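protein-v8.pdb (PDB, C-alpha atoms, pLDDT in the B column)
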```pdb
ATOM      1  CA  MET J   2       0.000   0.000   0.000  1.00 49.00           C
ATOM      2  CA  ALA J   3       1.517   3.333  -1.091  1.00 52.00           C
ATOM      3  CA  GLN J   4       1.837   5.991   1.560  1.00 57.00           C
ATOM      4  CA  SER J   5       0.791   9.490   0.643  1.00 64.00           C
ATOM      5  CA  LYS J   6       3.448  12.149   0.916  1.00 72.00           C
ATOM      6  CA  PRO J   7       2.914  15.051   3.293  1.00 74.00           C
ATOM      7  CA  PRO J   8       1.983  18.310   1.597  1.00 85.00           C
ATOM      8  CA  HIS J   9       4.649  20.846   0.667  1.00 89.00           C
ATOM      9  CA  VAL J  10       4.675  24.142   2.541  1.00 90.00           C
ATOM     10  CA  ILE J  11       6.337  27.325   1.315  1.00 91.00           C
ATOM     11  CA  ASP J  12       6.208  30.756   2.906  1.00 90.00           C
ATOM     12  CA  VAL J  13       6.681  34.377   2.033  1.00 88.00           C
ATOM     13  CA  GLU J  14       6.813  37.173   4.584  1.00 90.00           C
ATOM     14  CA  SER J  15       6.839  40.929   4.105  1.00 88.00           C
ATOM     15  CA  GLU J  16       6.892  43.963   6.321  1.00 91.00           C
ATOM     16  CA  ILE J  17       4.633  46.753   5.158  1.00 88.00           C
ATOM     17  CA  ARG J  18       3.845  50.289   6.218  1.00 89.00           C
ATOM     18  CA  CYS J  19       0.194  49.619   6.885  1.00 88.00           C
ATOM     19  CA  PRO J  20      -1.322  48.960  10.334  1.00 92.00           C
ATOM     20  CA  ALA J  21      -2.122  45.278  10.928  1.00 93.00           C
ATOM     21  CA  ASP J  22      -5.874  45.852  11.432  1.00 94.00           C
ATOM     22  CA  LYS J  23      -6.106  47.838   8.189  1.00 90.00           C
ATOM     23  CA  MET J  24      -4.094  45.269   6.211  1.00 89.00           C
ATOM     24  CA  TYR J  25      -6.229  42.426   7.567  1.00 92.00           C
ATOM     25  CA  ASP J  26      -9.367  44.366   6.651  1.00 90.00           C
ATOM     26  CA  LEU J  27      -8.064  44.855   3.110  1.00 86.00           C
ATOM     27  CA  LEU J  28      -7.316  41.125   2.759  1.00 87.00           C
ATOM     28  CA  LYS J  29     -10.579  39.968   4.330  1.00 89.00           C
ATOM     29  CA  ASN J  30     -13.101  42.515   3.124  1.00 88.00           C
ATOM     30  CA  GLN J  31     -11.652  44.146   0.011  1.00 83.00           C
ATOM     31  CA  LEU J  32      -9.781  41.331  -1.735  1.00 81.00           C
ATOM     32  CA  THR J  33     -12.242  41.389  -4.626  1.00 84.00           C
ATOM     33  CA  GLN J  34     -10.862  44.885  -5.391  1.00 84.00           C
ATOM     34  CA  LEU J  35      -7.604  43.315  -6.623  1.00 83.00           C
ATOM     35  CA  PRO J  36      -8.506  43.805 -10.320  1.00 87.00           C
ATOM     36  CA  VAL J  37      -8.698  47.561  -9.612  1.00 86.00           C
ATOM     37  CA  ILE J  38      -5.608  47.702  -7.374  1.00 83.00           C
ATOM     38  CA  PHE J  39      -3.477  45.132  -9.253  1.00 84.00           C
ATOM     39  CA  PRO J  40      -4.779  44.997 -12.865  1.00 86.00           C
ATOM     40  CA  GLU J  41      -1.443  43.754 -14.254  1.00 86.00           C
ATOM     41  CA  ILE J  42      -2.207  40.328 -12.748  1.00 85.00           C
ATOM     42  CA  TYR J  43      -5.860  40.193 -11.698  1.00 87.00           C
ATOM     43  CA  LYS J  44      -8.341  40.623 -14.531  1.00 91.00           C
ATOM     44  CA  ASN J  45     -11.607  39.807 -12.765  1.00 91.00           C
ATOM     45  CA  ALA J  46     -13.006  38.768  -9.382  1.00 91.00           C
ATOM     46  CA  GLN J  47     -16.462  37.307  -8.831  1.00 94.00           C
ATOM     47  CA  VAL J  48     -18.242  36.105  -5.731  1.00 94.00           C
ATOM     48  CA  LEU J  49     -19.838  32.750  -6.597  1.00 96.00           C
ATOM     49  CA  GLU J  50     -21.249  31.837  -3.170  1.00 96.00           C
ATOM     50  CA  GLY J  51     -21.788  33.787   0.035  1.00 95.00           C
ATOM     51  CA  ASP J  52     -20.789  37.408   0.489  1.00 93.00           C
ATOM     52  CA  GLY J  53     -17.136  36.936  -0.531  1.00 90.00           C
ATOM     53  CA  LYS J  54     -15.930  37.849   2.967  1.00 90.00           C
ATOM     54  CA  SER J  55     -17.232  35.217   5.367  1.00 91.00           C
ATOM     55  CA  LEU J  56     -16.518  31.569   6.042  1.00 94.00           C
ATOM     56  CA  GLY J  57     -17.646  29.319   3.187  1.00 96.00           C
ATOM     57  CA  SER J  58     -17.696  32.089   0.566  1.00 96.00           C
ATOM     58  CA  ILE J  59     -16.395  31.077  -2.858  1.00 96.00           C
ATOM     59  CA  ARG J  60     -14.664  33.564  -5.168  1.00 94.00           C
ATOM     60  CA  ARG J  61     -13.482  33.153  -8.751  1.00 95.00           C
ATOM     61  CA  TRP J  62     -10.307  34.860  -9.894  1.00 91.00           C
ATOM     62  CA  THR J  63      -9.236  35.459 -13.468  1.00 92.00           C
ATOM     63  CA  TYR J  64      -5.535  36.271 -13.608  1.00 89.00           C
ATOM     64  CA  VAL J  65      -2.296  36.113 -15.595  1.00 87.00           C
ATOM     65  CA  ILE J  66       1.171  35.002 -14.512  1.00 81.00           C
ATOM     66  CA  HIS J  67       3.280  36.984 -16.981  1.00 66.00           C
ATOM     67  CA  HIS J  68       6.702  35.384 -16.688  1.00 62.00           C
ATOM     68  CA  THR J  69       5.353  31.837 -17.157  1.00 62.00           C
ATOM     69  CA  SER J  70       2.935  32.638 -19.989  1.00 68.00           C
ATOM     70  CA  ASP J  71       0.344  35.233 -20.833  1.00 74.00           C
ATOM     71  CA  GLU J  72      -2.420  32.648 -20.621  1.00 83.00           C
ATOM     72  CA  ILE J  73      -5.526  33.784 -18.751  1.00 89.00           C
ATOM     73  CA  LEU J  74      -6.081  31.458 -15.785  1.00 89.00           C
ATOM     74  CA  VAL J  75      -9.116  30.898 -13.581  1.00 94.00           C
ATOM     75  CA  VAL J  76      -9.236  29.665 -10.001  1.00 94.00           C
ATOM     76  CA  ASP J  77     -12.133  29.188  -7.586  1.00 97.00           C
ATOM     77  CA  GLU J  78     -11.233  29.508  -3.924  1.00 96.00           C
ATOM     78  CA  LYS J  79     -13.225  28.915  -0.779  1.00 97.00           C
ATOM     79  CA  LEU J  80     -12.702  30.834   2.450  1.00 96.00           C
ATOM     80  CA  THR J  81     -12.135  27.955   4.892  1.00 97.00           C
ATOM     81  CA  GLU J  82     -10.813  29.844   7.918  1.00 96.00           C
ATOM     82  CA  VAL J  83     -11.544  33.280   9.325  1.00 94.00           C
ATOM     83  CA  ASP J  84      -9.863  34.095  12.641  1.00 96.00           C
ATOM     84  CA  ASP J  85     -10.305  37.802  13.327  1.00 95.00           C
ATOM     85  CA  GLU J  86      -8.505  37.589  16.682  1.00 96.00           C
ATOM     86  CA  LYS J  87      -5.326  36.203  15.057  1.00 97.00           C
ATOM     87  CA  ARG J  88      -5.915  38.194  11.824  1.00 97.00           C
ATOM     88  CA  ALA J  89      -5.701  34.913   9.865  1.00 97.00           C
ATOM     89  CA  LEU J  90      -7.491  33.680   6.740  1.00 96.00           C
ATOM     90  CA  THR J  91      -7.226  30.385   4.886  1.00 97.00           C
ATOM     91  CA  LEU J  92      -8.299  30.031   1.266  1.00 95.00           C
ATOM     92  CA  SER J  93      -8.616  26.604  -0.370  1.00 97.00           C
ATOM     93  CA  VAL J  94      -8.672  26.131  -4.128  1.00 97.00           C
ATOM     94  CA  VAL J  95     -11.830  24.231  -5.072  1.00 97.00           C
ATOM     95  CA  GLY J  96     -11.841  24.620  -8.857  1.00 97.00           C
ATOM     96  CA  GLY J  97     -10.089  25.992 -11.901  1.00 95.00           C
ATOM     97  CA  ASP J  98      -6.754  25.724 -13.661  1.00 92.00           C
ATOM     98  CA  LEU J  99      -4.627  25.239 -10.550  1.00 91.00           C
ATOM     99  CA  LEU J 100      -6.255  21.862  -9.896  1.00 93.00           C
ATOM    100  CA  LYS J 101      -4.832  20.563 -13.189  1.00 93.00           C
ATOM    101  CA  THR J 102      -1.414  20.442 -11.529  1.00 91.00           C
ATOM    102  CA  HIS J 103      -2.279  20.360  -7.816  1.00 93.00           C
ATOM    103  CA  LYS J 104      -4.400  17.965  -5.754  1.00 94.00           C
ATOM    104  CA  ARG J 105      -4.413  20.499  -2.955  1.00 95.00           C
ATOM    105  CA  PHE J 106      -3.604  24.188  -2.884  1.00 95.00           C
ATOM    106  CA  ASP J 107      -4.359  26.143   0.288  1.00 96.00           C
ATOM    107  CA  VAL J 108      -3.182  29.617   1.155  1.00 94.00           C
ATOM    108  CA  ARG J 109      -3.064  30.819   4.747  1.00 96.00           C
ATOM    109  CA  VAL J 110      -2.341  34.480   5.408  1.00 94.00           C
ATOM    110  CA  VAL J 111      -1.582  35.896   8.848  1.00 97.00           C
ATOM    111  CA  VAL J 112      -1.144  39.607   9.605  1.00 96.00           C
ATOM    112  CA  LYS J 113       0.754  40.645  12.742  1.00 97.00           C
ATOM    113  CA  PRO J 114       1.420  44.133  14.072  1.00 97.00           C
ATOM    114  CA  LYS J 115       4.983  45.435  13.967  1.00 96.00           C
ATOM    115  CA  GLY J 116       5.532  48.992  15.154  1.00 94.00           C
ATOM    116  CA  THR J 117       3.201  51.253  13.161  1.00 92.00           C
ATOM    117  CA  GLY J 118       3.082  48.728  10.317  1.00 92.00           C
ATOM    118  CA  SER J 119       2.654  45.003  10.018  1.00 93.00           C
ATOM    119  CA  VAL J 120       4.196  41.730   8.960  1.00 95.00           C
ATOM    120  CA  VAL J 121       2.189  39.655   6.490  1.00 92.00           C
ATOM    121  CA  LYS J 122       2.963  35.938   6.219  1.00 93.00           C
ATOM    122  CA  TRP J 123       1.615  33.823   3.387  1.00 91.00           C
ATOM    123  CA  HIS J 124       1.816  30.041   3.747  1.00 93.00           C
ATOM    124  CA  ILE J 125       1.124  27.938   0.652  1.00 93.00           C
ATOM    125  CA  ILE J 126       0.265  24.326   1.442  1.00 94.00           C
ATOM    126  CA  PHE J 127       0.137  22.203  -1.692  1.00 94.00           C
ATOM    127  CA  GLU J 128       0.286  18.736  -3.159  1.00 94.00           C
ATOM    128  CA  LYS J 129       1.172  18.307  -6.808  1.00 92.00           C
ATOM    129  CA  VAL J 130      -0.696  15.903  -9.075  1.00 91.00           C
ATOM    130  CA  ASP J 131       2.700  14.784 -10.410  1.00 90.00           C
ATOM    131  CA  GLU J 132       6.077  15.647  -8.873  1.00 86.00           C
ATOM    132  CA  ASN J 133       7.168  16.974 -12.293  1.00 88.00           C
ATOM    133  CA  ASP J 134       4.391  19.597 -12.252  1.00 86.00           C
ATOM    134  CA  PRO J 135       5.628  23.160 -11.735  1.00 81.00           C
ATOM    135  CA  HIS J 136       6.459  24.494  -8.299  1.00 81.00           C
ATOM    136  CA  PRO J 137       4.123  27.371  -7.315  1.00 83.00           C
ATOM    137  CA  ASP J 138       6.928  29.956  -6.999  1.00 80.00           C
ATOM    138  CA  PRO J 139       5.118  32.473  -9.257  1.00 81.00           C
ATOM    139  CA  TYR J 140       2.338  32.629  -6.671  1.00 81.00           C
ATOM    140  CA  LEU J 141       4.809  33.629  -3.960  1.00 78.00           C
ATOM    141  CA  GLU J 142       5.835  36.566  -6.112  1.00 79.00           C
ATOM    142  CA  ILE J 143       2.194  37.528  -6.681  1.00 80.00           C
ATOM    143  CA  PHE J 144       1.409  37.368  -2.947  1.00 79.00           C
ATOM    144  CA  ASP J 145       4.476  39.437  -2.140  1.00 75.00           C
ATOM    145  CA  ASN J 146       3.366  42.018  -4.721  1.00 77.00           C
ATOM    146  CA  ILE J 147      -0.150  42.119  -3.232  1.00 77.00           C
ATOM    147  CA  HIS J 148       1.439  43.577  -0.067  1.00 71.00           C
ATOM    148  CA  LYS J 149       3.104  46.320  -2.074  1.00 76.00           C
ATOM    149  CA  LYS J 150      -0.074  47.126  -3.995  1.00 76.00           C
ATOM    150  CA  PHE J 151      -2.175  47.242  -0.827  1.00 74.00           C
ATOM    151  CA  GLU J 152       0.445  49.421   0.857  1.00 74.00           C
ATOM    152  CA  GLN J 153       0.294  51.873  -2.068  1.00 75.00           C
ATOM    153  CA  HIS J 154      -3.522  51.730  -1.977  1.00 69.00           C
ATOM    154  CA  PHE J 155      -3.531  52.364   1.790  1.00 66.00           C
ATOM    155  CA  HIS J 156      -1.293  55.421   1.470  1.00 65.00           C
ATOM    156  CA  LYS J 157      -3.532  56.894  -1.267  1.00 66.00           C
ATOM    157  CA  GLU J 158      -6.534  56.903   1.080  1.00 59.00           C
TER     158      GLU J 158
END
```
Target format structure tokens, applied to this file:
Amino acid sequence: MAQSKPPHVIDVESEIRCPADKMYDLLKNQLTQLPVIFPEIYKNAQVLEGDGKSLGSIRRWTYVIHHTSDEILVVDEKLTEVDDEKRALTLSVVGGDLLKTHKRFDVRVVVKPKGTGSVVKWHIIFEKVDENDPHPDPYLEIFDNIHKKFEQHFHKE
């Protein structure tokens, strides 16, 4: 009987000049604004189920990863954890292009205060369909850039 391998976990962490409560609010309540804030990558965001902000909500993203191809990709993600006290969210991919190469793809984001700003940690937990399938490094870059875009957006307000 073949044993299943444990999932892979990769992390990216950034410090930003945005208070932790504000950054968490942006990630939890305004994430569907990414096509406006970050149009180079995110082309569309739709709420398929729920209000898009609470546990069980499902959102569909249409996006491009430029340095791998200019192909338009689609992913459906479900909000599977909301912990306002810890400022933590977990999103699980439930449909779309990412499931062609991954059996599991979860993203957990945690925002912690640091001085007048915050530290944002993204944890990607994934299992590939085949070990030769691509590593999700481009997503780390996208998540890291989301911080920068939200920081710019915050300082415009």
> Leu74 (chain J): which residues within 9 Å, counting all atoms listed in the file, same-chain residues fewer than 5 positions away excluded, as a ChimeraX atom specification?
Replying inline: /J:62-66,97-99
> Leaving out Ala89 (chain J) and any residue of its chain fewer than 6 positions from it, which residues lie within 10 Å of it when counting only C-alpha atoms, given as a ChimeraX atom specification?
Replying inline: /J:25,28-29,82-83,109-113,121-123
Give me the box for region 81-84 of chain J as lines of an AutoDock Vina configuration file, namely the centre and edge lengths in Å to one decimal of a box along x, y and z that holds every listed atom plus 4 Å on each side.
```
center_x = -11.0
center_y = 31.0
center_z = 8.8
size_x = 10.3
size_y = 14.1
size_z = 15.7
```
Applying the PyMOL selection byres ((chain J and resi 9) around 8) to the file I just gave you, which residues come out? Please list them as a compact mmCIF listing (two decimals) with C-alpha atoms, in the frame of the given file.
```txt
# COMPACT_ATOMS: atom_id res chain seq x y z
CA PRO J 7 2.91 15.05 3.29
CA PRO J 8 1.98 18.31 1.60
CA VAL J 10 4.68 24.14 2.54
CA ILE J 11 6.34 27.32 1.32
CA ILE J 125 1.12 27.94 0.65
CA ILE J 126 0.26 24.33 1.44
CA PHE J 127 0.14 22.20 -1.69
CA GLU J 128 0.29 18.74 -3.16
```
> Around (-4.2, 20.8, -14.0) in the file's frame, which residues reach within 12 Å when counting all atoms listed in the file? Return as a VMD selection string?
Replying inline: chain J and resid 74 to 76 96 to 106 128 to 131 134 to 135
>> Since I can't run it myself right now, could you work out what the PyMOL selection byres ((chain J and resi 78) around 8) selects here and report it as a PyMOL selection string?
In response: chain J and resi 59-61+76-77+79-80+92-96
> Using the chain letters and numbers from the file, which residues does the PyMOL selection byres ((chain J and resi 44) around 9) grab, as a list of chain:residue names?
Replying inline: J:Leu35, J:Pro36, J:Val37, J:Phe39, J:Pro40, J:Glu41, J:Ile42, J:Tyr43, J:Asn45, J:Ala46, J:Trp62, J:Thr63, J:Tyr64, J:Val65, J:Ile73
>> If I take CA of Asp52 (chain J) and CA of Pro139 (chain J), how far is one from the other in Å, to one decimal?
In response: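 It comes out at 28.1 Å.
Considering the residues J:Asp12, J:Met24, J:Gln47, J:Asp85 and counting all atoms listed in the file, Asp138 (chain J) has its shortest atom-to-atom contact with J:Asp12.
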>> Please report the interatomic distance between CA of Ser119 (chain J) and CA of Leu32 (chain J) in Å with one decimal.
In response: 17.5 Å
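The space separating CA of Leu27 (chain J) from CA of Glu72 (chain J) comes to 27.3 Å.
Ranking J:Glu14, J:Ser55, J:Glu50, J:His124 by their shortest atom-to-atom distance to Gln31 (chain J), with all atoms listed in the file included, puts J:Ser55 first.
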